[in-house]
Every structure is written in C-alpha cells, then in structure tokens.
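Below: the structure, in structure tokens.
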Amino acid sequence: MAIHSVKVVIHTDKALDESSARMVSASLRGIPGVVESGFHANRNHLLIVGYDSGAVSTQTLLEAVMKHGYNAQLIGL
C-alpha cells in the first residue's frame with residue numbers, strides 16, 4: 001500500500017499559546033494517518049501537519065482543531 005505523504009498548514013483564528021499549541025498538536029498526532037504535527041512559537045496562528053492523504057482527510061484535521069475551540073482554515077504547502 002502506497003503512502004501519500006502531504007503537508008498542510010492550518011491557520012487558527014486565535015493565537016495559540018505554547019501550552020495550547022502543544023495540546024492541539026498532540027491531539028492531531030493521535031489521529032491515524034497523521035505522521036507529524038508541530039507549530040512555531042513566532043507564528044502562533046499556524047500548525048504544520050504531515051499526514052497520509054489516503055488515510056485521513058483534511059476535514060478530519062480541521063475538526064480536530066475545532067474541537068479545541070478554534071476556528072480553522074487550511075493553507076496548502
């Protein structure tokens with residue numbers, strides 16, 4: 001089975017402090033098909049997510065962020 005590795009940037013409506021960003025990133029990494037999730041402290045509205053597009057949809061990624069109370073949009077890489 002081929003892995004379709006993709007990276008996407010998720011923009012949140014509110015800035016994430018370091019604790020919130022770590023929590024949201026960890027939540028994303030818990031989704032089957034997500035291989036990495038991280039953030040940059042100087043860009044506190046952005047999360048970078050690497051995932052297998054054959055295993056998980058971008059809608060699932062957005063919903064995971066929104067469960068934490070953030071509105072979110074995808075920004076492709």
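The way I read the labels, and the way they are meant: chains A, B, ... in the order of the structure tokens, residue 1 as the first residue of every chain, and ligand 1 as the first ligand shown, with later ones counted on from there.
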**Study point:** Polymer residues at most 9 Å from Thr12 (chain A), only C-alpha atoms, same-chain spacing of 2 or more positions, as JSON, numbers by chain
**Key:** {"A": [10, 14, 15, 16, 44, 45, 46, 47, 65, 66, 70, 71, 72, 73]}
Based on the selection just made, write all heavy atoms of those residues as a JSON list (two decimals), in the first residue's frame.
```
[["chain", "number", "residue", "atom", "x", "y", "z"],
["A", 10, "ILE", "N", -2.38, 24.66, 8.93],
["A", 10, "ILE", "CA", -3.70, 25.01, 9.45],
["A", 10, "ILE", "C", -3.58, 26.34, 10.17],
["A", 10, "ILE", "O", -2.75, 26.49, 11.08],
["A", 10, "ILE", "CB", -4.25, 23.92, 10.39],
["A", 10, "ILE", "CG1", -4.42, 22.61, 9.63],
["A", 10, "ILE", "CG2", -5.57, 24.38, 11.03],
["A", 10, "ILE", "CD1", -4.88, 21.44, 10.51],
["A", 14, "LYS", "N", -7.50, 32.33, 16.44],
["A", 14, "LYS", "CA", -6.90, 32.90, 17.64],
["A", 14, "LYS", "C", -5.48, 32.37, 17.78],
["A", 14, "LYS", "O", -5.19, 31.24, 17.40],
["A", 14, "LYS", "CB", -7.68, 32.48, 18.89],
["A", 14, "LYS", "CG", -9.11, 32.89, 18.92],
["A", 14, "LYS", "CD", -9.75, 32.34, 20.18],
["A", 14, "LYS", "CE", -11.24, 32.19, 20.02],
["A", 14, "LYS", "NZ", -11.83, 31.39, 21.07],
["A", 15, "ALA", "N", -4.64, 33.20, 18.34],
["A", 15, "ALA", "CA", -3.26, 32.76, 18.60],
["A", 15, "ALA", "C", -3.28, 31.63, 19.63],
["A", 15, "ALA", "O", -4.08, 31.63, 20.56],
["A", 15, "ALA", "CB", -2.44, 33.93, 19.12],
["A", 16, "LEU", "N", -2.39, 30.67, 19.42],
["A", 16, "LEU", "CA", -2.23, 29.57, 20.37],
["A", 16, "LEU", "C", -1.03, 29.88, 21.26],
["A", 16, "LEU", "O", 0.05, 30.15, 20.74],
["A", 16, "LEU", "CB", -1.98, 28.26, 19.62],
["A", 16, "LEU", "CG", -3.12, 27.75, 18.77],
["A", 16, "LEU", "CD1", -2.68, 27.68, 17.32],
["A", 16, "LEU", "CD2", -3.54, 26.41, 19.25],
["A", 44, "ASN", "N", 2.15, 32.00, 15.91],
["A", 44, "ASN", "CA", 1.24, 31.32, 16.83],
["A", 44, "ASN", "C", -0.19, 31.14, 16.33],
["A", 44, "ASN", "O", -1.07, 30.79, 17.09],
["A", 44, "ASN", "CB", 1.25, 32.00, 18.19],
["A", 44, "ASN", "CG", 0.95, 33.49, 18.10],
["A", 44, "ASN", "OD1", 0.61, 33.99, 17.05],
["A", 44, "ASN", "ND2", 1.11, 34.17, 19.21],
["A", 45, "HIS", "N", -0.42, 31.36, 15.06],
["A", 45, "HIS", "CA", -1.71, 31.07, 14.45],
["A", 45, "HIS", "C", -1.61, 29.85, 13.52],
["A", 45, "HIS", "O", -2.59, 29.49, 12.88],
["A", 45, "HIS", "CB", -2.19, 32.25, 13.59],
["A", 45, "HIS", "CG", -2.67, 33.40, 14.39],
["A", 45, "HIS", "ND1", -3.99, 33.57, 14.71],
["A", 45, "HIS", "CD2", -2.03, 34.46, 14.94],
["A", 45, "HIS", "CE1", -4.14, 34.67, 15.41],
["A", 45, "HIS", "NE2", -2.96, 35.23, 15.56],
["A", 46, "LEU", "N", -0.41, 29.26, 13.42],
["A", 46, "LEU", "CA", -0.19, 28.23, 12.40],
["A", 46, "LEU", "C", 0.26, 26.90, 13.00],
["A", 46, "LEU", "O", 1.15, 26.86, 13.85],
["A", 46, "LEU", "CB", 0.87, 28.70, 11.41],
["A", 46, "LEU", "CG", 0.61, 30.02, 10.69],
["A", 46, "LEU", "CD1", 1.79, 30.39, 9.82],
["A", 46, "LEU", "CD2", -0.66, 29.95, 9.88],
["A", 47, "LEU", "N", -0.31, 25.82, 12.49],
["A", 47, "LEU", "CA", 0.12, 24.46, 12.79],
["A", 47, "LEU", "C", 0.51, 23.80, 11.47],
["A", 47, "LEU", "O", -0.18, 23.99, 10.46],
["A", 47, "LEU", "CB", -1.03, 23.65, 13.41],
["A", 47, "LEU", "CG", -1.53, 24.13, 14.77],
["A", 47, "LEU", "CD1", -2.95, 23.65, 15.00],
["A", 47, "LEU", "CD2", -0.62, 23.60, 15.84],
["A", 65, "VAL", "N", -8.94, 20.32, 15.27],
["A", 65, "VAL", "CA", -8.55, 21.63, 15.78],
["A", 65, "VAL", "C", -9.77, 22.35, 16.35],
["A", 65, "VAL", "O", -9.71, 22.94, 17.44],
["A", 65, "VAL", "CB", -7.87, 22.47, 14.68],
["A", 65, "VAL", "CG1", -7.58, 23.89, 15.17],
["A", 65, "VAL", "CG2", -6.57, 21.80, 14.22],
["A", 66, "MET", "N", -10.88, 22.28, 15.65],
["A", 66, "MET", "CA", -12.09, 22.98, 16.08],
["A", 66, "MET", "C", -12.65, 22.42, 17.39],
["A", 66, "MET", "O", -13.28, 23.13, 18.16],
["A", 66, "MET", "CB", -13.13, 22.97, 14.98],
["A", 66, "MET", "CG", -12.71, 23.86, 13.82],
["A", 66, "MET", "SD", -13.99, 24.09, 12.57],
["A", 66, "MET", "CE", -13.73, 22.66, 11.54],
["A", 70, "TYR", "N", -11.15, 26.38, 18.38],
["A", 70, "TYR", "CA", -10.58, 27.31, 17.40],
["A", 70, "TYR", "C", -11.29, 27.17, 16.06],
["A", 70, "TYR", "O", -11.60, 26.05, 15.65],
["A", 70, "TYR", "CB", -9.09, 27.01, 17.19],
["A", 70, "TYR", "CG", -8.26, 27.22, 18.41],
["A", 70, "TYR", "CD1", -7.94, 26.14, 19.24],
["A", 70, "TYR", "CD2", -7.80, 28.48, 18.77],
["A", 70, "TYR", "CE1", -7.20, 26.32, 20.39],
["A", 70, "TYR", "CE2", -7.05, 28.66, 19.90],
["A", 70, "TYR", "CZ", -6.75, 27.58, 20.73],
["A", 70, "TYR", "OH", -6.01, 27.77, 21.86],
["A", 71, "ASN", "N", -11.56, 28.27, 15.40],
["A", 71, "ASN", "CA", -11.95, 28.21, 14.00],
["A", 71, "ASN", "C", -10.66, 27.99, 13.23],
["A", 71, "ASN", "O", -9.62, 28.52, 13.59],
["A", 71, "ASN", "CB", -12.62, 29.50, 13.56],
["A", 71, "ASN", "CG", -14.01, 29.64, 14.14],
["A", 71, "ASN", "OD1", -14.73, 28.66, 14.28],
["A", 71, "ASN", "ND2", -14.38, 30.84, 14.52],
["A", 72, "ALA", "N", -10.73, 27.20, 12.17],
["A", 72, "ALA", "CA", -9.50, 26.84, 11.45],
["A", 72, "ALA", "C", -9.74, 26.82, 9.95],
["A", 72, "ALA", "O", -10.85, 26.53, 9.49],
["A", 72, "ALA", "CB", -9.02, 25.47, 11.92],
["A", 73, "GLN", "N", -8.66, 27.12, 9.22],
["A", 73, "GLN", "CA", -8.67, 27.07, 7.75],
["A", 73, "GLN", "C", -7.40, 26.38, 7.30],
["A", 73, "GLN", "O", -6.36, 26.48, 7.94],
["A", 73, "GLN", "CB", -8.66, 28.47, 7.16],
["A", 73, "GLN", "CG", -9.85, 29.31, 7.50],
["A", 73, "GLN", "CD", -9.67, 30.72, 6.99],
["A", 73, "GLN", "OE1", -8.61, 31.31, 7.12],
["A", 73, "GLN", "NE2", -10.71, 31.25, 6.37]]
```
Requested in this report: Output as number ranges by chain all residues of chain A that backbone DSSP marks as strand (DSSP E).
Outcome: A: 5-12, 34-40, 43-52, 72-76
- Contacts of region 30-39 of chain A at 7 Å (only C-alpha atoms; same-chain gap of 3+ positions) as an NGL selection string: :A and (21 or 25-27 or 46-52 or 55-56)
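Listed by chain and then by rising number, the residues of chain A that DSSP assigns to alpha helix (DSSP H) from the backbone are Glu18, Ser19, Ser20, Ala21, Arg22, Met23, Val24, Ser25, Ala26, Ser27, Leu28, Arg29, Thr58, Gln59, Thr60, Leu61, Leu62, Glu63, Ala64, Val65 and Met66 of chain A.
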